[in-house]
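Just work.pdb here, PDB, C-alpha atoms:
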```
ATOM      1  CA  MET J   1     -70.823 -61.871  16.292
ATOM      2  CA  ILE J   2     -72.803 -63.089  19.282
ATOM      3  CA  PHE J   3     -75.616 -60.810  20.417
ATOM      4  CA  THR J   4     -76.561 -60.336  24.050
ATOM      5  CA  ASP J   5     -80.188 -60.534  25.132
ATOM      6  CA  ALA J   6     -80.305 -56.726  25.278
ATOM      7  CA  GLU J   7     -78.933 -56.429  21.743
ATOM      8  CA  ARG J   8     -81.378 -58.983  20.400
ATOM      9  CA  ALA J   9     -84.179 -57.042  22.092
ATOM     10  CA  LEU J  10     -82.971 -53.897  20.307
ATOM     11  CA  LEU J  11     -82.983 -55.735  16.975
ATOM     12  CA  ALA J  12     -86.513 -56.967  17.707
ATOM     13  CA  ARG J  13     -87.647 -53.380  18.371
ATOM     14  CA  LEU J  14     -86.013 -52.207  15.138
ATOM     15  CA  ASN J  15     -87.742 -54.995  13.215
ATOM     16  CA  ALA J  16     -91.119 -54.101  14.711
ATOM     17  CA  ALA J  17     -90.612 -50.410  13.906
ATOM     18  CA  SER J  18     -89.650 -51.261  10.313
ATOM     19  CA  ILE J  19     -93.095 -52.803   9.959
ATOM     20  CA  GLU J  20     -95.121 -50.305  11.997
ATOM     21  CA  ARG J  21     -93.251 -47.044  11.290
ATOM     22  CA  SER J  22     -92.019 -47.246   7.741
ATOM     23  CA  PHE J  23     -93.537 -46.100   4.449
ATOM     24  CA  VAL J  24     -94.213 -46.928   0.821
ATOM     25  CA  PRO J  25     -93.269 -43.998  -1.480
ATOM     26  CA  ALA J  26     -96.122 -44.462  -3.944
ATOM     27  CA  ARG J  27     -98.700 -44.607  -1.156
ATOM     28  CA  ASP J  28     -97.501 -42.359   1.645
ATOM     29  CA  LEU J  29     -96.045 -39.325  -0.132
ATOM     30  CA  ALA J  30     -98.478 -36.710  -1.477
ATOM     31  CA  TRP J  31     -97.089 -36.623  -5.007
ATOM     32  CA  ALA J  32     -99.787 -34.225  -6.172
ATOM     33  CA  GLY J  33     -98.746 -31.700  -3.527
ATOM     34  CA  GLY J  34     -96.147 -28.998  -3.864
ATOM     35  CA  THR J  35     -93.875 -26.513  -2.154
ATOM     36  CA  THR J  36     -94.890 -22.855  -2.379
ATOM     37  CA  ARG J  37     -92.681 -20.031  -3.615
ATOM     38  CA  ASP J  38     -92.325 -18.621  -0.107
ATOM     39  CA  GLU J  39     -91.338 -22.079   1.148
ATOM     40  CA  TRP J  40     -88.674 -22.383  -1.547
ATOM     41  CA  LEU J  41     -87.316 -19.006  -0.456
ATOM     42  CA  ALA J  42     -87.243 -20.176   3.154
ATOM     43  CA  LEU J  43     -85.332 -23.292   2.088
ATOM     44  CA  TYR J  44     -82.897 -21.107   0.140
ATOM     45  CA  ARG J  45     -82.125 -19.040   3.229
ATOM     46  CA  ALA J  46     -81.740 -22.122   5.437
ATOM     47  CA  TRP J  47     -79.690 -24.165   2.944
ATOM     48  CA  SER J  48     -77.634 -21.860   0.747
ATOM     49  CA  LEU J  49     -74.112 -20.523   1.205
ATOM     50  CA  PHE J  50     -74.973 -17.295  -0.587
ATOM     51  CA  PRO J  51     -76.934 -15.131   1.912
ATOM     52  CA  GLY J  52     -74.560 -12.484   3.220
ATOM     53  CA  SER J  53     -71.955 -13.225   0.536
ATOM     54  CA  ARG J  54     -70.853 -11.079  -2.400
ATOM     55  CA  PHE J  55     -72.927 -13.298  -4.701
ATOM     56  CA  GLU J  56     -76.253 -12.631  -2.994
ATOM     57  CA  PRO J  57     -77.104  -9.385  -4.914
ATOM     58  CA  ALA J  58     -76.943 -11.327  -8.185
ATOM     59  CA  PHE J  59     -80.031 -13.339  -7.176
ATOM     60  CA  ASP J  60     -83.620 -12.182  -7.419
ATOM     61  CA  ASP J  61     -86.405 -14.113  -5.709
ATOM     62  CA  ASP J  62     -87.152 -16.216  -8.793
ATOM     63  CA  ALA J  63     -83.499 -17.225  -8.990
ATOM     64  CA  ARG J  64     -83.436 -17.954  -5.259
ATOM     65  CA  ALA J  65     -86.472 -20.249  -5.545
ATOM     66  CA  ASN J  66     -84.990 -22.082  -8.524
ATOM     67  CA  PHE J  67     -81.617 -22.398  -6.830
ATOM     68  CA  ALA J  68     -83.386 -23.932  -3.825
ATOM     69  CA  ARG J  69     -85.045 -26.410  -6.188
ATOM     70  CA  TYR J  70     -81.661 -27.352  -7.633
ATOM     71  CA  GLN J  71     -80.203 -27.679  -4.105
ATOM     72  CA  GLN J  72     -82.914 -30.020  -2.916
ATOM     73  CA  ALA J  73     -82.672 -32.090  -6.100
ATOM     74  CA  THR J  74     -78.884 -32.282  -5.698
ATOM     75  CA  LEU J  75     -78.970 -33.682  -2.165
ATOM     76  CA  MET J  76     -81.811 -36.061  -3.040
ATOM     77  CA  LEU J  77     -79.943 -37.306  -6.112
ATOM     78  CA  THR J  78     -76.683 -37.826  -4.204
ATOM     79  CA  THR J  79     -78.498 -39.673  -1.415
ATOM     80  CA  ALA J  80     -80.371 -41.836  -3.925
ATOM     81  CA  MET J  81     -77.191 -42.866  -5.736
ATOM     82  CA  LEU J  82     -75.389 -43.609  -2.487
ATOM     83  CA  GLU J  83     -78.213 -45.848  -1.308
ATOM     84  CA  ARG J  84     -78.373 -47.645  -4.653
ATOM     85  CA  TYR J  85     -74.666 -48.457  -4.874
ATOM     86  CA  ALA J  86     -74.332 -49.283  -1.174
ATOM     87  CA  LEU J  87     -76.752 -52.220  -1.431
ATOM     88  CA  PRO J  88     -74.013 -54.863  -1.979
ATOM     89  CA  MET J  89     -72.378 -53.761   1.280
ATOM     90  CA  LEU J  90     -75.645 -54.489   3.088
ATOM     91  CA  GLU J  91     -75.930 -57.886   1.447
ATOM     92  CA  ASP J  92     -72.499 -58.750   2.880
ATOM     93  CA  LEU J  93     -74.037 -58.617   6.349
ATOM     94  CA  LEU J  94     -75.993 -61.767   5.590
ATOM     95  CA  ARG J  95     -72.678 -63.653   5.555
ATOM     96  CA  MET J  96     -71.666 -62.332   8.965
ATOM     97  CA  ASN J  97     -74.396 -63.660  11.211
ATOM     98  CA  GLN J  98     -77.477 -65.867  10.963
ATOM     99  CA  ASP J  99     -79.285 -64.683  14.086
ATOM    100  CA  PRO J 100     -82.958 -64.462  12.976
ATOM    101  CA  GLU J 101     -83.466 -60.959  14.379
ATOM    102  CA  PHE J 102     -80.286 -59.735  12.682
ATOM    103  CA  VAL J 103     -81.129 -61.310   9.324
ATOM    104  CA  GLU J 104     -84.651 -59.895   9.447
ATOM    105  CA  TYR J 105     -83.392 -56.393  10.126
ATOM    106  CA  VAL J 106     -80.850 -56.552   7.310
ATOM    107  CA  GLY J 107     -83.774 -57.451   5.038
ATOM    108  CA  HIS J 108     -85.706 -54.411   6.234
ATOM    109  CA  PHE J 109     -82.619 -52.233   5.743
ATOM    110  CA  ILE J 110     -82.187 -53.375   2.119
ATOM    111  CA  LYS J 111     -85.885 -52.876   1.376
ATOM    112  CA  GLU J 112     -85.883 -49.392   2.902
ATOM    113  CA  GLU J 113     -82.792 -48.277   1.003
ATOM    114  CA  THR J 114     -84.428 -49.443  -2.226
ATOM    115  CA  TYR J 115     -87.591 -47.495  -1.404
ATOM    116  CA  HIS J 116     -85.504 -44.415  -0.636
ATOM    117  CA  TYR J 117     -83.816 -44.639  -4.019
ATOM    118  CA  VAL J 118     -87.181 -44.883  -5.780
ATOM    119  CA  MET J 119     -88.604 -41.955  -3.787
ATOM    120  CA  PHE J 120     -85.662 -39.627  -4.337
ATOM    121  CA  VAL J 121     -85.349 -40.285  -8.062
ATOM    122  CA  ARG J 122     -89.053 -39.629  -8.548
ATOM    123  CA  ALA J 123     -88.899 -36.516  -6.317
ATOM    124  CA  VAL J 124     -85.990 -35.096  -8.339
ATOM    125  CA  ALA J 125     -88.018 -35.546 -11.536
ATOM    126  CA  LYS J 126     -90.993 -33.753  -9.927
ATOM    127  CA  ILE J 127     -88.837 -30.822  -8.793
ATOM    128  CA  GLU J 128     -87.203 -30.478 -12.206
ATOM    129  CA  ALA J 129     -90.639 -30.423 -13.857
ATOM    130  CA  GLU J 130     -91.281 -27.183 -11.937
ATOM    131  CA  MET J 131     -88.400 -25.465 -13.770
ATOM    132  CA  PRO J 132     -89.406 -25.286 -17.445
ATOM    133  CA  GLY J 133     -86.695 -23.704 -19.550
ATOM    134  CA  LEU J 134     -83.899 -24.674 -17.159
ATOM    135  CA  PRO J 135     -81.654 -27.714 -17.775
ATOM    136  CA  PRO J 136     -82.033 -30.808 -15.608
ATOM    137  CA  LEU J 137     -79.459 -31.459 -12.944
ATOM    138  CA  PRO J 138     -76.360 -33.328 -14.215
ATOM    139  CA  GLN J 139     -76.475 -36.868 -12.878
ATOM    140  CA  ALA J 140     -73.686 -38.772 -14.648
ATOM    141  CA  ARG J 141     -70.749 -37.428 -12.594
ATOM    142  CA  THR J 142     -72.429 -38.056  -9.248
ATOM    143  CA  GLU J 143     -73.490 -41.548 -10.257
ATOM    144  CA  ARG J 144     -70.014 -42.343 -11.593
ATOM    145  CA  LEU J 145     -68.348 -41.136  -8.381
ATOM    146  CA  LEU J 146     -70.520 -43.272  -6.109
ATOM    147  CA  ARG J 147     -70.453 -46.321  -8.368
ATOM    148  CA  ARG J 148     -66.649 -46.269  -8.488
ATOM    149  CA  THR J 149     -66.350 -45.554  -4.761
ATOM    150  CA  PHE J 150     -68.334 -48.628  -3.814
ATOM    151  CA  ARG J 151     -66.563 -50.776  -6.391
ATOM    152  CA  LEU J 152     -63.250 -49.799  -4.780
ATOM    153  CA  LEU J 153     -64.700 -50.434  -1.346
ATOM    154  CA  ARG J 154     -65.520 -54.007  -2.373
ATOM    155  CA  LEU J 155     -61.785 -54.548  -2.913
ATOM    156  CA  VAL J 156     -60.856 -53.653   0.671
ATOM    157  CA  PRO J 157     -59.611 -56.846   2.368
ATOM    158  CA  GLY J 158     -61.290 -58.180   5.482
ATOM    159  CA  LEU J 159     -65.064 -58.367   5.791
ATOM    160  CA  ARG J 160     -65.133 -56.841   9.280
ATOM    161  CA  PHE J 161     -62.882 -53.929   8.384
ATOM    162  CA  ARG J 162     -64.692 -53.309   5.090
ATOM    163  CA  THR J 163     -68.026 -53.329   6.899
ATOM    164  CA  ALA J 164     -66.770 -50.911   9.558
ATOM    165  CA  LEU J 165     -65.472 -48.599   6.847
ATOM    166  CA  SER J 166     -68.710 -48.664   4.864
ATOM    167  CA  PHE J 167     -70.912 -48.104   7.924
ATOM    168  CA  THR J 168     -68.771 -45.179   9.037
ATOM    169  CA  MET J 169     -69.579 -43.671   5.638
ATOM    170  CA  PHE J 170     -73.252 -44.563   5.959
ATOM    171  CA  GLN J 171     -73.443 -42.801   9.322
ATOM    172  CA  PHE J 172     -72.256 -39.549   7.750
ATOM    173  CA  ALA J 173     -74.786 -39.689   4.915
ATOM    174  CA  GLU J 174     -77.623 -40.723   7.232
ATOM    175  CA  GLN J 175     -76.907 -37.901   9.668
ATOM    176  CA  VAL J 176     -76.833 -35.391   6.801
ATOM    177  CA  SER J 177     -80.292 -36.514   5.712
ATOM    178  CA  VAL J 178     -81.612 -36.392   9.289
ATOM    179  CA  HIS J 179     -80.353 -32.808   9.515
ATOM    180  CA  ALA J 180     -82.031 -32.100   6.175
ATOM    181  CA  HIS J 181     -85.314 -33.207   7.734
ATOM    182  CA  GLY J 182     -84.760 -31.093  10.850
ATOM    183  CA  VAL J 183     -83.913 -27.921   8.950
ATOM    184  CA  ALA J 184     -86.727 -28.363   6.417
ATOM    185  CA  LYS J 185     -89.223 -28.926   9.221
ATOM    186  CA  ASP J 186     -88.006 -25.846  11.097
ATOM    187  CA  VAL J 187     -88.280 -23.438   8.172
ATOM    188  CA  VAL J 188     -91.322 -24.939   6.415
ATOM    189  CA  PRO J 189     -93.838 -25.793   9.156
ATOM    190  CA  ARG J 190     -96.630 -26.703   6.705
ATOM    191  CA  ARG J 191     -96.773 -30.497   6.918
ATOM    192  CA  GLU J 192     -98.294 -30.847   3.444
ATOM    193  CA  SER J 193     -95.327 -29.161   1.742
ATOM    194  CA  PHE J 194     -93.717 -31.655  -0.635
ATOM    195  CA  VAL J 195     -89.996 -31.249   0.110
ATOM    196  CA  PRO J 196     -90.313 -31.505   3.925
ATOM    197  CA  GLN J 197     -92.520 -34.570   3.425
ATOM    198  CA  VAL J 198     -89.751 -36.287   1.472
ATOM    199  CA  TRP J 199     -87.147 -35.627   4.166
ATOM    200  CA  ALA J 200     -89.564 -36.531   6.969
ATOM    201  CA  LEU J 201     -90.355 -39.938   5.471
ATOM    202  CA  HIS J 202     -86.683 -40.603   4.841
ATOM    203  CA  ALA J 203     -85.779 -39.662   8.423
ATOM    204  CA  LEU J 204     -88.425 -42.098   9.692
ATOM    205  CA  ASP J 205     -86.196 -44.953   8.524
ATOM    206  CA  GLU J 206     -82.824 -43.275   8.998
ATOM    207  CA  GLY J 207     -83.283 -42.934  12.742
ATOM    208  CA  ARG J 208     -83.465 -46.742  12.956
ATOM    209  CA  HIS J 209     -80.553 -47.149  10.566
ATOM    210  CA  LEU J 210     -78.355 -45.016  12.813
ATOM    211  CA  GLN J 211     -79.236 -47.192  15.818
ATOM    212  CA  PHE J 212     -78.306 -50.282  13.824
ATOM    213  CA  ASP J 213     -75.061 -48.658  12.618
ATOM    214  CA  ARG J 214     -73.969 -48.020  16.197
ATOM    215  CA  LEU J 215     -74.830 -51.559  17.258
ATOM    216  CA  LEU J 216     -72.989 -53.085  14.302
ATOM    217  CA  LEU J 217     -69.857 -50.967  14.705
ATOM    218  CA  ASP J 218     -69.705 -51.939  18.376
ATOM    219  CA  LYS J 219     -70.110 -55.634  17.567
ATOM    220  CA  LEU J 220     -67.391 -55.615  14.907
ATOM    221  CA  ALA J 221     -64.959 -55.086  17.799
ATOM    222  CA  LEU J 222     -62.127 -53.601  15.743
ATOM    223  CA  SER J 223     -58.966 -52.619  17.535
ATOM    224  CA  PRO J 224     -58.548 -48.906  18.354
ATOM    225  CA  ALA J 225     -55.947 -48.672  15.563
ATOM    226  CA  LEU J 226     -58.286 -50.174  12.944
ATOM    227  CA  ARG J 227     -61.178 -47.988  14.117
ATOM    228  CA  THR J 228     -58.949 -44.964  13.595
ATOM    229  CA  VAL J 229     -57.928 -46.183  10.127
ATOM    230  CA  ALA J 230     -61.572 -46.803   9.182
ATOM    231  CA  ARG J 231     -62.543 -43.308  10.282
ATOM    232  CA  PHE J 232     -59.694 -41.628   8.449
ATOM    233  CA  VAL J 233     -60.275 -43.639   5.275
ATOM    234  CA  ALA J 234     -63.923 -42.560   5.451
ATOM    235  CA  VAL J 235     -62.939 -38.876   5.516
ATOM    236  CA  PRO J 236     -62.028 -38.698   1.781
ATOM    237  CA  PHE J 237     -65.337 -40.327   0.881
ATOM    238  CA  CYS J 238     -67.281 -37.789   2.941
ATOM    239  CA  ALA J 239     -65.220 -34.986   1.391
ATOM    240  CA  MET J 240     -65.822 -36.285  -2.146
ATOM    241  CA  ALA J 241     -69.567 -36.610  -1.564
ATOM    242  CA  THR J 242     -69.637 -33.057  -0.183
ATOM    243  CA  LEU J 243     -67.635 -31.813  -3.180
ATOM    244  CA  ALA J 244     -70.037 -33.548  -5.571
ATOM    245  CA  VAL J 245     -72.985 -31.746  -3.970
ATOM    246  CA  HIS J 246     -71.257 -28.362  -4.105
ATOM    247  CA  ARG J 247     -70.056 -28.887  -7.656
ATOM    248  CA  ASN J 248     -73.698 -29.287  -8.697
ATOM    249  CA  GLU J 249     -74.654 -26.235  -6.632
ATOM    250  CA  ALA J 250     -72.026 -24.132  -8.429
ATOM    251  CA  TRP J 251     -73.333 -25.443 -11.753
ATOM    252  CA  ALA J 252     -76.892 -24.554 -10.700
ATOM    253  CA  ALA J 253     -75.922 -20.984  -9.816
ATOM    254  CA  ARG J 254     -74.338 -20.526 -13.254
ATOM    255  CA  GLN J 255     -77.538 -21.740 -14.952
ATOM    256  CA  LEU J 256     -79.287 -18.889 -13.139
ATOM    257  CA  GLY J 257     -76.786 -16.285 -14.318
ATOM    258  CA  VAL J 258     -74.606 -16.097 -11.201
ATOM    259  CA  GLY J 259     -70.896 -16.565 -11.926
ATOM    260  CA  VAL J 260     -69.959 -19.008  -9.180
ATOM    261  CA  ARG J 261     -67.237 -21.658  -9.267
ATOM    262  CA  LEU J 262     -66.654 -24.605  -6.977
ATOM    263  CA  TRP J 263     -63.769 -22.914  -5.182
ATOM    264  CA  ASP J 264     -66.032 -19.970  -4.368
ATOM    265  CA  LEU J 265     -68.386 -22.321  -2.540
ATOM    266  CA  LEU J 266     -65.515 -24.038  -0.755
ATOM    267  CA  ARG J 267     -64.369 -20.673   0.594
ATOM    268  CA  LEU J 268     -67.887 -19.882   1.778
ATOM    269  CA  LEU J 269     -68.096 -23.335   3.359
ATOM    270  CA  ARG J 270     -65.359 -22.361   5.828
ATOM    271  CA  ALA J 271     -67.804 -20.165   7.735
ATOM    272  CA  PRO J 272     -71.357 -20.985   6.598
ATOM    273  CA  VAL J 273     -74.258 -18.900   7.844
ATOM    274  CA  SER J 274     -77.142 -21.190   6.885
ATOM    275  CA  PRO J 275     -78.261 -23.764   9.484
ATOM    276  CA  PHE J 276     -78.027 -26.738   7.141
ATOM    277  CA  LYS J 277     -74.490 -26.009   5.944
ATOM    278  CA  GLN J 278     -73.371 -25.388   9.525
ATOM    279  CA  ARG J 279     -74.585 -28.868  10.476
ATOM    280  CA  VAL J 280     -72.823 -30.478   7.500
ATOM    281  CA  VAL J 281     -69.536 -28.783   8.384
ATOM    282  CA  ALA J 282     -69.900 -29.944  12.008
ATOM    283  CA  LEU J 283     -70.455 -33.521  10.806
ATOM    284  CA  MET J 284     -67.371 -33.373   8.602
ATOM    285  CA  ARG J 285     -65.310 -32.302  11.586
ATOM    286  CA  GLU J 286     -66.787 -35.089  13.703
ATOM    287  CA  VAL J 287     -65.899 -37.737  11.101
ATOM    288  CA  ALA J 288     -62.340 -36.415  10.910
ATOM    289  CA  ARG J 289     -61.890 -36.326  14.684
ATOM    290  CA  ARG J 290     -59.642 -39.038  16.051
ATOM    291  CA  PRO J 291     -61.765 -41.500  18.085
ATOM    292  CA  ARG J 292     -60.915 -41.862  21.729
ATOM    293  CA  PRO J 293     -59.273 -45.142  22.700
ATOM    294  CA  VAL J 294     -61.383 -47.671  24.557
ATOM    295  CA  GLN J 295     -60.634 -47.551  28.302
TER     296      GLN J 295
END
```

Is it possible to express this structure as structure tokens?
Amino acid sequence: MIFTDAERALLARLNAASIERSFVPARDLAWAGGTTRDEWLALYRAWSLFPGSRFEPAFDDDARANFARYQQATLMLTTAMLERYALPMLEDLLRMNQDPEFVEYVGHFIKEETYHYVMFVRAVAKIEAEMPGLPPLPQARTERLLRRTFRLLRLVPGLRFRTALSFTMFQFAEQVSVHAHGVAKDVVPRRESFVPQVWALHALDEGRHLQFDRLLLDKLALSPALRTVARFVAVPFCAMATLAVHRNEAWAARQLGVGVRLWDLLRLLRAPVSPFKQRVVALMREVARRPRPVQ
């Protein structure tokens, strides 16, 4: 890959922003803070598939707040595991180009993904501590899914194609988390609330990551046919990650006494009413859409 002056200038801006507009989880997140009951209820309404469904009457407000806690922990856990097991794919970039600006940004990217993992794992533990008497969220299946996915991805031949495939997947996950920030900010305007703080700090880095993703995918210069293959191979990954999240959500509802199964959620996902689920469904459709050929 040979970068133009404009592309190197973009990398320089991303490097500067990674220094000036990034965060350290232990320092910059108010770990002693919290999210109020009313804020949990607002997150439930903005996030859940249940409002307006036949399952909604089975919830009282305490169950709604606890379900919202489980939902937030589920997405944070899934994002954390993805970022942990994706690190080897980022390290591969160091073999692709030795441009100083590029190498520096890859270093920032790896550091930021590691910080995100630390932040999310600690945030999940904090949320679960607010639910005495309820079981912690199952983690083994989600971790196993993502660990095996990225092990398989390492076997895909061709560094350029493998990188394009992995960054198509990253784009989906990063856009989901940016939408998580947007929805949380909209429904919980109090800046000191813990959950919106987590998503806001994460989005601070993810906005830069998305810019880098677009630059990298352009520079890989795959043929239209290979770009289409990469996108369609990425679809099952996005579907599996979405299924993993909803499997945990169905489990969470059952812990709260609501008899929900995964297939019930998948039916509700066809026409979601909550803003967050609507955005996830739109992203899934965008990933599955056949890319237009280059003119």

>> Using all atoms listed in the file for the distances, tell me which of J:Arg214, J:His116, J:Arg160, J:Arg21 is nearest to J:Leu77.
In response: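 Smallest distance to J:Leu77 is found for J:His116.
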
> Smallest atom-to-atom distance to J:Glu174: which of J:Arg95, J:Arg289, J:Arg84, J:His209, using all atoms listed in the file?
Replying inline: J:His209

> Out of J:Arg147, J:Arg45, J:Arg191, J:Arg285, which residue has the shortest atom-to-atom distance to J:Arg64 when counting all atoms listed in the file?
Replying inline: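 Using all atoms listed in the file, J:Arg64 sits closest to J:Arg45.
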
> Using only C-alpha atoms, which of the listed residues (J:Val195, J:Leu93, J:Ala140, J:Ala282) sits closest to J:Met81?
Replying inline: J:Ala140

> Which neighbours of stretch 179-185 of chain J fall inside 8 Å, counting all atoms listed in the file, when residues of the same chain fewer than 5 positions from it are skipped, and could you give them as a VMD selection string?
Replying inline: chain J and resid 43 46 195 to 196 199 to 200 203 275 to 276 279

Take the residues just selected and output them with C-alpha atoms as a compact mmCIF listing (two decimals), in the frame of the given file.
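The file below, out_8.txt, is the result:
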```txt
# COMPACT_ATOMS: atom_id res chain seq x y z
CA LEU J 43 -85.33 -23.29 2.09
CA ALA J 46 -81.74 -22.12 5.44
CA VAL J 195 -90.00 -31.25 0.11
CA PRO J 196 -90.31 -31.50 3.92
CA TRP J 199 -87.15 -35.63 4.17
CA ALA J 200 -89.56 -36.53 6.97
CA ALA J 203 -85.78 -39.66 8.42
CA PRO J 275 -78.26 -23.76 9.48
CA PHE J 276 -78.03 -26.74 7.14
CA ARG J 279 -74.58 -28.87 10.48
```

> Out of J:Val280, J:Val24, J:Gly257, J:Val178, which residue has the shortest atom-to-atom distance to J:Thr242 when counting all atoms listed in the file?
Replying inline: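 That would be J:Val280, the residue with the smallest distance to J:Thr242.
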
>> If we count only C-alpha atoms and set the cut-off at 8 Å, which residues sit around J:Leu269, ignoring sequence neighbours fewer than 6 positions away in its own chain? Please answer as an MDAnalysis selection string.
In response: chainID J and resid 49 277 281

>> For a test of reading the model, state the distance in Å between atom CA of J:Leu159 and atom CA of J:Ala225, rounded to one decimal.
In response: 16.5 Å

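With distances restricted to only C-alpha atoms, J:Met284 is the closest residue to J:Phe172 from J:Leu204, J:Val118, J:Tyr85, J:Met284.
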